[in-house]
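Asker: Quick one, entry_26.txt (compact mmCIF, N, CA and C atoms):
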```
# COMPACT_ATOMS: atom_id res chain seq x y z
N MET A 1 2.22 2.99 19.47
CA MET A 1 2.96 4.21 19.26
C MET A 1 2.99 4.97 20.58
N SER A 2 4.16 5.48 20.94
CA SER A 2 4.28 6.19 22.21
C SER A 2 3.54 7.52 22.13
N SER A 3 3.15 8.05 23.31
CA SER A 3 2.40 9.30 23.34
C SER A 3 3.23 10.47 22.84
N SER A 4 4.57 10.44 23.04
CA SER A 4 5.40 11.54 22.54
C SER A 4 5.42 11.57 21.02
N ILE A 5 5.38 10.41 20.38
CA ILE A 5 5.35 10.36 18.93
C ILE A 5 4.00 10.87 18.44
N ILE A 6 2.93 10.46 19.11
CA ILE A 6 1.60 10.93 18.72
C ILE A 6 1.52 12.44 18.88
N TYR A 7 2.05 12.97 20.01
CA TYR A 7 2.02 14.42 20.23
C TYR A 7 2.79 15.12 19.12
N TYR A 8 3.97 14.62 18.82
CA TYR A 8 4.82 15.22 17.80
C TYR A 8 4.11 15.20 16.45
N MET A 9 3.49 14.08 16.12
CA MET A 9 2.85 13.94 14.82
C MET A 9 1.58 14.81 14.73
N ASN A 10 0.95 15.10 15.84
CA ASN A 10 -0.29 15.87 15.83
C ASN A 10 -0.08 17.33 16.23
N SER A 11 1.15 17.72 16.47
CA SER A 11 1.43 19.07 16.90
C SER A 11 1.03 20.08 15.83
N THR A 12 0.35 21.13 16.25
CA THR A 12 -0.08 22.14 15.29
C THR A 12 1.07 23.02 14.84
N SER A 13 2.21 22.99 15.53
CA SER A 13 3.35 23.80 15.12
C SER A 13 4.17 23.12 14.03
N ILE A 14 3.84 21.89 13.71
CA ILE A 14 4.58 21.15 12.69
C ILE A 14 3.74 21.07 11.43
N GLN A 15 4.34 21.37 10.31
CA GLN A 15 3.63 21.32 9.04
C GLN A 15 3.15 19.90 8.74
N PRO A 16 1.94 19.74 8.25
CA PRO A 16 1.45 18.40 7.87
C PRO A 16 2.35 17.71 6.85
N SER A 17 2.95 18.47 5.95
CA SER A 17 3.84 17.88 4.94
C SER A 17 5.05 17.23 5.62
N LEU A 18 5.57 17.86 6.68
CA LEU A 18 6.71 17.30 7.40
C LEU A 18 6.30 16.04 8.16
N THR A 19 5.15 16.06 8.82
CA THR A 19 4.72 14.86 9.56
C THR A 19 4.47 13.70 8.60
N PHE A 20 3.96 13.99 7.41
CA PHE A 20 3.75 12.95 6.41
C PHE A 20 5.09 12.34 6.00
N VAL A 21 6.07 13.17 5.68
CA VAL A 21 7.38 12.68 5.25
C VAL A 21 8.07 11.91 6.38
N LEU A 22 7.94 12.38 7.61
CA LEU A 22 8.53 11.67 8.75
C LEU A 22 7.87 10.31 8.95
N ALA A 23 6.56 10.25 8.82
CA ALA A 23 5.85 8.98 8.96
C ALA A 23 6.25 8.02 7.84
N LEU A 24 6.40 8.54 6.64
CA LEU A 24 6.84 7.73 5.50
C LEU A 24 8.25 7.19 5.74
N SER A 25 9.11 8.04 6.24
CA SER A 25 10.49 7.64 6.55
C SER A 25 10.51 6.54 7.62
N ARG A 26 9.68 6.70 8.64
CA ARG A 26 9.60 5.69 9.70
C ARG A 26 9.14 4.35 9.14
N LEU A 27 8.13 4.39 8.27
CA LEU A 27 7.64 3.16 7.65
C LEU A 27 8.75 2.49 6.85
N HIS A 28 9.51 3.26 6.08
CA HIS A 28 10.59 2.70 5.29
C HIS A 28 11.65 2.05 6.18
N VAL A 29 12.00 2.69 7.28
CA VAL A 29 12.99 2.12 8.20
C VAL A 29 12.48 0.81 8.79
N ILE A 30 11.23 0.79 9.20
CA ILE A 30 10.65 -0.43 9.77
C ILE A 30 10.66 -1.55 8.73
N MET A 31 10.26 -1.22 7.50
CA MET A 31 10.26 -2.23 6.44
C MET A 31 11.68 -2.72 6.16
N SER A 32 12.64 -1.82 6.20
CA SER A 32 14.03 -2.19 5.92
C SER A 32 14.60 -3.12 6.99
N ARG A 33 14.08 -3.03 8.21
CA ARG A 33 14.55 -3.92 9.29
C ARG A 33 14.04 -5.34 9.13
N LYS A 34 12.95 -5.49 8.39
CA LYS A 34 12.38 -6.82 8.20
C LYS A 34 13.30 -7.64 7.32
N GLY A 35 13.42 -8.90 7.62
CA GLY A 35 14.18 -9.81 6.77
C GLY A 35 13.25 -10.77 6.07
N PHE A 36 13.55 -11.10 4.86
CA PHE A 36 12.76 -12.03 4.08
C PHE A 36 13.70 -13.12 3.61
N LEU A 37 13.64 -14.27 4.30
CA LEU A 37 14.59 -15.34 4.08
C LEU A 37 15.98 -14.77 4.33
N SER A 38 16.89 -14.86 3.39
CA SER A 38 18.21 -14.26 3.60
C SER A 38 18.32 -12.96 2.82
N LEU A 39 17.19 -12.31 2.60
CA LEU A 39 17.11 -11.14 1.75
C LEU A 39 16.59 -9.96 2.55
N GLY A 40 17.28 -8.84 2.48
CA GLY A 40 16.79 -7.62 3.09
C GLY A 40 15.80 -6.92 2.17
N TYR A 41 15.04 -5.98 2.71
CA TYR A 41 14.03 -5.29 1.92
C TYR A 41 14.66 -4.53 0.75
N SER A 42 15.77 -3.85 0.98
CA SER A 42 16.42 -3.10 -0.10
C SER A 42 16.88 -4.02 -1.21
N ASP A 43 17.39 -5.19 -0.85
CA ASP A 43 17.78 -6.18 -1.86
C ASP A 43 16.55 -6.66 -2.63
N PHE A 44 15.45 -6.86 -1.91
CA PHE A 44 14.21 -7.27 -2.55
C PHE A 44 13.77 -6.24 -3.59
N VAL A 45 13.87 -4.96 -3.25
CA VAL A 45 13.45 -3.90 -4.17
C VAL A 45 14.28 -3.96 -5.46
N ILE A 46 15.58 -4.16 -5.33
CA ILE A 46 16.45 -4.27 -6.50
C ILE A 46 16.05 -5.47 -7.35
N LEU A 47 15.85 -6.62 -6.71
CA LEU A 47 15.45 -7.82 -7.45
C LEU A 47 14.09 -7.62 -8.12
N HIS A 48 13.20 -6.91 -7.45
CA HIS A 48 11.87 -6.65 -8.01
C HIS A 48 11.98 -5.86 -9.32
N TYR A 49 12.74 -4.78 -9.30
CA TYR A 49 12.88 -3.98 -10.52
C TYR A 49 13.55 -4.78 -11.64
N LEU A 50 14.53 -5.59 -11.30
CA LEU A 50 15.19 -6.41 -12.32
C LEU A 50 14.23 -7.47 -12.87
N ALA A 51 13.45 -8.08 -11.98
CA ALA A 51 12.52 -9.13 -12.40
C ALA A 51 11.48 -8.61 -13.38
N HIS A 52 11.18 -7.32 -13.32
CA HIS A 52 10.16 -6.73 -14.18
C HIS A 52 10.75 -5.90 -15.32
N ALA A 53 12.05 -5.91 -15.46
CA ALA A 53 12.71 -5.17 -16.54
C ALA A 53 12.77 -6.04 -17.80
N PRO A 54 12.80 -5.42 -18.95
CA PRO A 54 12.97 -6.20 -20.18
C PRO A 54 14.25 -7.04 -20.11
N GLU A 55 14.14 -8.29 -20.44
CA GLU A 55 15.26 -9.24 -20.41
C GLU A 55 15.87 -9.38 -19.01
N GLU A 56 15.13 -8.91 -17.99
CA GLU A 56 15.58 -8.98 -16.59
C GLU A 56 16.95 -8.34 -16.39
N LYS A 57 17.16 -7.20 -17.08
CA LYS A 57 18.41 -6.47 -16.91
C LYS A 57 18.16 -4.99 -17.08
N MET A 58 19.01 -4.20 -16.40
CA MET A 58 18.93 -2.74 -16.47
C MET A 58 20.33 -2.17 -16.45
N ARG A 59 20.48 -1.00 -17.04
CA ARG A 59 21.74 -0.28 -16.88
C ARG A 59 21.87 0.08 -15.41
N ARG A 60 23.08 0.05 -14.89
CA ARG A 60 23.30 0.37 -13.48
C ARG A 60 22.73 1.73 -13.11
N ILE A 61 22.95 2.71 -13.96
CA ILE A 61 22.50 4.06 -13.65
C ILE A 61 20.97 4.13 -13.63
N ASP A 62 20.31 3.38 -14.50
CA ASP A 62 18.84 3.36 -14.50
C ASP A 62 18.30 2.66 -13.26
N LEU A 63 18.97 1.59 -12.84
CA LEU A 63 18.57 0.90 -11.62
C LEU A 63 18.76 1.82 -10.41
N ALA A 64 19.89 2.52 -10.38
CA ALA A 64 20.15 3.46 -9.28
C ALA A 64 19.05 4.51 -9.21
N ASP A 65 18.68 5.05 -10.36
CA ASP A 65 17.63 6.06 -10.41
C ASP A 65 16.30 5.49 -9.94
N ARG A 66 15.96 4.29 -10.37
CA ARG A 66 14.69 3.66 -10.00
C ARG A 66 14.62 3.43 -8.49
N VAL A 67 15.74 3.01 -7.90
CA VAL A 67 15.78 2.71 -6.47
C VAL A 67 15.91 3.99 -5.65
N GLY A 68 16.46 5.04 -6.26
CA GLY A 68 16.64 6.30 -5.54
C GLY A 68 18.03 6.45 -4.95
N LEU A 69 19.01 5.79 -5.55
CA LEU A 69 20.38 5.85 -5.06
C LEU A 69 21.28 6.53 -6.08
N THR A 70 22.47 6.88 -5.63
CA THR A 70 23.49 7.37 -6.55
C THR A 70 24.12 6.18 -7.26
N ALA A 71 24.91 6.46 -8.27
CA ALA A 71 25.60 5.39 -8.99
C ALA A 71 26.54 4.63 -8.05
N SER A 72 27.25 5.35 -7.20
CA SER A 72 28.15 4.65 -6.27
C SER A 72 27.37 3.90 -5.19
N GLY A 73 26.21 4.44 -4.80
CA GLY A 73 25.38 3.76 -3.81
C GLY A 73 24.85 2.43 -4.32
N ILE A 74 24.41 2.41 -5.58
CA ILE A 74 23.89 1.15 -6.13
C ILE A 74 25.03 0.16 -6.30
N THR A 75 26.20 0.65 -6.67
CA THR A 75 27.36 -0.25 -6.81
C THR A 75 27.68 -0.91 -5.48
N ARG A 76 27.66 -0.15 -4.39
CA ARG A 76 27.94 -0.72 -3.05
C ARG A 76 26.89 -1.76 -2.68
N MET A 77 25.64 -1.51 -3.04
CA MET A 77 24.59 -2.49 -2.72
C MET A 77 24.70 -3.75 -3.57
N LEU A 78 25.13 -3.59 -4.82
CA LEU A 78 25.17 -4.72 -5.73
C LEU A 78 26.35 -5.65 -5.49
N LEU A 79 27.46 -5.15 -4.96
CA LEU A 79 28.65 -6.00 -4.78
C LEU A 79 28.36 -7.27 -3.99
N PRO A 80 27.77 -7.18 -2.79
CA PRO A 80 27.47 -8.43 -2.08
C PRO A 80 26.43 -9.30 -2.79
N MET A 81 25.52 -8.67 -3.51
CA MET A 81 24.51 -9.42 -4.24
C MET A 81 25.15 -10.19 -5.40
N GLU A 82 26.17 -9.60 -6.00
CA GLU A 82 26.91 -10.29 -7.06
C GLU A 82 27.68 -11.47 -6.48
N LYS A 83 28.31 -11.25 -5.33
CA LYS A 83 29.14 -12.30 -4.72
C LYS A 83 28.34 -13.55 -4.38
N ILE A 84 27.07 -13.38 -4.00
CA ILE A 84 26.27 -14.56 -3.63
C ILE A 84 25.37 -15.05 -4.76
N GLY A 85 25.55 -14.48 -5.95
CA GLY A 85 24.86 -15.00 -7.12
C GLY A 85 23.43 -14.54 -7.33
N LEU A 86 23.07 -13.37 -6.77
CA LEU A 86 21.71 -12.86 -6.99
C LEU A 86 21.62 -12.05 -8.27
N VAL A 87 22.70 -11.33 -8.58
CA VAL A 87 22.77 -10.53 -9.80
C VAL A 87 24.11 -10.77 -10.47
N GLU A 88 24.16 -10.43 -11.74
CA GLU A 88 25.40 -10.56 -12.50
C GLU A 88 25.67 -9.24 -13.21
N ARG A 89 26.92 -9.01 -13.51
CA ARG A 89 27.33 -7.82 -14.24
C ARG A 89 27.51 -8.21 -15.71
N GLU A 90 27.03 -7.35 -16.58
CA GLU A 90 27.17 -7.59 -18.02
C GLU A 90 27.61 -6.28 -18.67
N THR A 91 28.60 -6.36 -19.53
CA THR A 91 29.06 -5.16 -20.22
C THR A 91 28.25 -4.97 -21.50
N HIS A 92 28.17 -3.74 -21.92
CA HIS A 92 27.48 -3.41 -23.16
C HIS A 92 28.32 -3.92 -24.33
N PRO A 93 27.71 -4.53 -25.33
CA PRO A 93 28.47 -5.12 -26.43
C PRO A 93 29.29 -4.11 -27.24
N THR A 94 28.84 -2.84 -27.30
CA THR A 94 29.56 -1.86 -28.12
C THR A 94 30.10 -0.67 -27.34
N ASP A 95 29.73 -0.52 -26.06
CA ASP A 95 30.18 0.62 -25.27
C ASP A 95 30.66 0.12 -23.90
N ALA A 96 31.97 0.04 -23.73
CA ALA A 96 32.55 -0.51 -22.50
C ALA A 96 32.25 0.36 -21.27
N ARG A 97 31.83 1.60 -21.48
CA ARG A 97 31.52 2.48 -20.35
C ARG A 97 30.18 2.13 -19.71
N VAL A 98 29.35 1.40 -20.44
CA VAL A 98 28.01 1.05 -19.96
C VAL A 98 28.02 -0.38 -19.44
N SER A 99 27.46 -0.55 -18.24
CA SER A 99 27.33 -1.91 -17.72
C SER A 99 25.88 -2.14 -17.29
N PHE A 100 25.50 -3.39 -17.38
CA PHE A 100 24.15 -3.80 -17.02
C PHE A 100 24.19 -4.63 -15.75
N VAL A 101 23.07 -4.62 -15.04
CA VAL A 101 22.85 -5.52 -13.92
C VAL A 101 21.80 -6.50 -14.40
N VAL A 102 22.11 -7.78 -14.29
CA VAL A 102 21.23 -8.83 -14.77
C VAL A 102 20.77 -9.68 -13.59
N LEU A 103 19.50 -10.01 -13.57
CA LEU A 103 18.97 -10.89 -12.53
C LEU A 103 19.51 -12.29 -12.77
N ALA A 104 20.27 -12.82 -11.81
CA ALA A 104 20.85 -14.16 -11.93
C ALA A 104 19.84 -15.21 -11.48
N LYS A 105 20.14 -16.44 -11.77
CA LYS A 105 19.25 -17.55 -11.42
C LYS A 105 18.94 -17.58 -9.92
N GLY A 106 19.97 -17.37 -9.10
CA GLY A 106 19.77 -17.34 -7.65
C GLY A 106 18.89 -16.19 -7.22
N GLY A 107 19.01 -15.05 -7.89
CA GLY A 107 18.17 -13.90 -7.59
C GLY A 107 16.72 -14.13 -7.97
N LYS A 108 16.50 -14.80 -9.10
CA LYS A 108 15.13 -15.13 -9.51
C LYS A 108 14.46 -16.02 -8.47
N ARG A 109 15.21 -17.03 -8.02
CA ARG A 109 14.67 -17.97 -7.04
C ARG A 109 14.35 -17.27 -5.72
N LEU A 110 15.30 -16.48 -5.22
CA LEU A 110 15.09 -15.81 -3.94
C LEU A 110 13.99 -14.75 -4.03
N TYR A 111 13.91 -14.06 -5.16
CA TYR A 111 12.83 -13.09 -5.35
C TYR A 111 11.47 -13.80 -5.29
N ALA A 112 11.35 -14.88 -6.02
CA ALA A 112 10.09 -15.63 -6.05
C ALA A 112 9.72 -16.14 -4.65
N GLU A 113 10.72 -16.62 -3.90
CA GLU A 113 10.45 -17.13 -2.55
C GLU A 113 10.08 -16.02 -1.58
N SER A 114 10.59 -14.82 -1.78
CA SER A 114 10.35 -13.70 -0.87
C SER A 114 9.08 -12.93 -1.21
N LEU A 115 8.63 -13.03 -2.45
CA LEU A 115 7.52 -12.22 -2.92
C LEU A 115 6.26 -12.36 -2.06
N GLU A 116 5.91 -13.56 -1.68
CA GLU A 116 4.70 -13.77 -0.88
C GLU A 116 4.80 -13.06 0.47
N SER A 117 5.96 -13.13 1.11
CA SER A 117 6.14 -12.46 2.41
C SER A 117 6.02 -10.95 2.28
N VAL A 118 6.63 -10.39 1.24
CA VAL A 118 6.58 -8.95 1.05
C VAL A 118 5.16 -8.51 0.69
N GLU A 119 4.47 -9.29 -0.13
CA GLU A 119 3.09 -8.97 -0.47
C GLU A 119 2.20 -9.01 0.78
N LEU A 120 2.43 -9.98 1.65
CA LEU A 120 1.66 -10.07 2.90
C LEU A 120 1.92 -8.84 3.77
N MET A 121 3.19 -8.43 3.87
CA MET A 121 3.53 -7.23 4.63
C MET A 121 2.81 -6.02 4.05
N ALA A 122 2.83 -5.88 2.72
CA ALA A 122 2.17 -4.76 2.06
C ALA A 122 0.66 -4.77 2.34
N GLU A 123 0.06 -5.95 2.30
CA GLU A 123 -1.38 -6.06 2.60
C GLU A 123 -1.67 -5.65 4.03
N ASN A 124 -0.82 -6.05 4.97
CA ASN A 124 -1.02 -5.67 6.38
C ASN A 124 -0.89 -4.16 6.56
N ILE A 125 0.08 -3.55 5.89
CA ILE A 125 0.31 -2.11 6.01
C ILE A 125 -0.87 -1.33 5.44
N THR A 126 -1.44 -1.82 4.36
CA THR A 126 -2.48 -1.06 3.64
C THR A 126 -3.90 -1.54 3.94
N GLU A 127 -4.03 -2.39 4.95
CA GLU A 127 -5.36 -2.90 5.30
C GLU A 127 -6.33 -1.74 5.57
N GLY A 128 -7.50 -1.82 4.96
CA GLY A 128 -8.52 -0.80 5.17
C GLY A 128 -8.42 0.38 4.21
N ILE A 129 -7.42 0.38 3.35
CA ILE A 129 -7.27 1.44 2.36
C ILE A 129 -7.75 0.90 1.02
N SER A 130 -8.63 1.63 0.38
CA SER A 130 -9.20 1.15 -0.89
C SER A 130 -8.15 1.19 -2.00
N VAL A 131 -8.40 0.45 -3.06
CA VAL A 131 -7.51 0.44 -4.22
C VAL A 131 -7.40 1.86 -4.79
N LYS A 132 -8.51 2.57 -4.85
CA LYS A 132 -8.51 3.94 -5.36
C LYS A 132 -7.60 4.83 -4.51
N GLU A 133 -7.71 4.70 -3.19
CA GLU A 133 -6.86 5.50 -2.29
C GLU A 133 -5.39 5.11 -2.43
N LEU A 134 -5.12 3.81 -2.59
CA LEU A 134 -3.74 3.35 -2.78
C LEU A 134 -3.13 3.92 -4.06
N ARG A 135 -3.91 3.93 -5.12
CA ARG A 135 -3.43 4.48 -6.40
C ARG A 135 -3.16 5.98 -6.27
N LEU A 136 -4.01 6.68 -5.52
CA LEU A 136 -3.80 8.10 -5.29
C LEU A 136 -2.53 8.34 -4.48
N LEU A 137 -2.35 7.58 -3.41
CA LEU A 137 -1.13 7.71 -2.60
C LEU A 137 0.11 7.40 -3.42
N GLU A 138 0.04 6.38 -4.25
CA GLU A 138 1.16 6.03 -5.11
C GLU A 138 1.50 7.19 -6.05
N ALA A 139 0.48 7.80 -6.63
CA ALA A 139 0.70 8.94 -7.54
C ALA A 139 1.32 10.11 -6.79
N VAL A 140 0.83 10.37 -5.59
CA VAL A 140 1.40 11.46 -4.78
C VAL A 140 2.89 11.21 -4.52
N LEU A 141 3.22 9.99 -4.13
CA LEU A 141 4.62 9.67 -3.83
C LEU A 141 5.49 9.71 -5.08
N ARG A 142 4.99 9.22 -6.20
CA ARG A 142 5.76 9.28 -7.46
C ARG A 142 6.01 10.73 -7.85
N ASN A 143 4.97 11.56 -7.78
CA ASN A 143 5.13 12.97 -8.13
C ASN A 143 6.11 13.67 -7.20
N ALA A 144 6.05 13.34 -5.92
CA ALA A 144 6.98 13.94 -4.97
C ALA A 144 8.42 13.55 -5.30
N GLY A 145 8.62 12.29 -5.62
CA GLY A 145 9.96 11.82 -5.98
C GLY A 145 10.46 12.47 -7.25
N ASP A 146 9.58 12.74 -8.20
CA ASP A 146 9.97 13.38 -9.45
C ASP A 146 10.39 14.82 -9.25
N ARG A 147 9.91 15.44 -8.17
CA ARG A 147 10.25 16.85 -7.91
C ARG A 147 11.58 17.01 -7.21
N LEU A 148 12.14 15.92 -6.71
CA LEU A 148 13.42 16.03 -5.99
C LEU A 148 14.60 15.86 -6.92
```
Written as structure tokens, that's how I'd like the structure from this file.
Answerer:
Amino acid sequence: MSSSIIYYMNSTSIQPSLTFVLALSRLHVIMSRKGFLSLGYSDFVILHYLAHAPEEKMRRIDLADRVGLTASGITRMLLPMEKIGLVERETHPTDARVSFVVLAKGGKRLYAESLESVELMAENITEGISVKELRLLEAVLRNAGDRL
């Protein structure tokens, strides 16, 4: 880390809450730059939520909310994933206004192949942090997201 970043992060004129959010943002950007096979981190996150959803499908709006995107933002992300067979679109049987995102066979395979790499990255990032501390940090971040 460069000395200017360290100075900025340790500056007494900057609120600790802001330095925390900036550090979190930096971590997210770095993770997003990483590639996992032919899968980006944001794509991995979408596949992860679908892989753990009941019947491996979610309403688009629920997926958008889980990922932290708008409805149009998730649609833009899903289009290329649909084209290459990672996810599929499914309409609601009784309400045409509702559509589901379903984890496709190709998405299941790529998620499974990428999972080990992402888990290794997570272990490297959190090395030296206890499970108790990780659970506390997770709760802090979830609560912060719920307030926005």
Asker: State, in Å with one decimal place, the distance from atom CA of A:Leu50 to atom CA of A:Leu103.
Answerer: 5.9 Å
Asker: Could you please determine the separation between atom N of A:Val67 and atom N of A:Leu79 in Å, to one decimal place?
Answerer: 14.6 Å
Asker: Work out how far apart atom CA of A:Gly85 and atom N of A:Lys108 are and give it in Å to one decimal.
Answerer: 8.6 Å
Asker: Just list the residues in stretch 21-138 of chain A DSSP gives alpha helix (DSSP H) on the backbone, as a count of residues only.
Answerer: 74
Asker: Wanna dump the stretch 17-51 of chain A-stretch 114-122 of chain A contacts at 12 Å for me, each residue with its shortest atom pair and the distance in Å to one decimal, counting only C-alpha atoms, ordered by chain and number, as CSV?
Answerer:
```
residue,atom,partner,partner_atom,distance
A:Leu27,CA,A:Ala122,CA,11.1
A:His28,CA,A:Ala122,CA,11.7
A:Ile30,CA,A:Met121,CA,11.1
A:Met31,CA,A:Met121,CA,8.6
A:Ser32,CA,A:Val118,CA,11.2
A:Lys34,CA,A:Val118,CA,9.4
A:Gly35,CA,A:Ser114,CA,9.4
A:Phe36,CA,A:Ser114,CA,5.8
A:Leu37,CA,A:Ser114,CA,6.7
A:Ser38,CA,A:Ser114,CA,9.1
A:Leu39,CA,A:Ser114,CA,7.7
A:Gly40,CA,A:Ser114,CA,9.7
A:Tyr41,CA,A:Val118,CA,8.3
A:Ser42,CA,A:Val118,CA,11.5
A:Asp43,CA,A:Ser114,CA,10.6
A:Phe44,CA,A:Ser114,CA,7.7
A:Val45,CA,A:Val118,CA,10.0
A:Leu47,CA,A:Leu115,CA,10.1
A:His48,CA,A:Leu115,CA,8.7
A:Ala51,CA,A:Leu115,CA,11.2
```
Asker: Mind checking which residues fall within 12 Å of A:Val21, counting only C-alpha atoms, ignoring those fewer than 4 positions away in the same chain, and posting them as a list in words?
Answerer: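 Once the adjacent positions are removed, what remains is Met9, Ile14, Gln15, Pro16, Ser17, Ser25, Arg26, Leu27, His28, Val140, Leu141, Ala144 and Gly145 of chain A.
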Asker: May I ask which of the residues A:Ile61, A:Ile74, A:Leu148, A:Ile125 is the closest one to A:Ser99, counting only N, CA and C atoms?
Answerer: A:Ile61
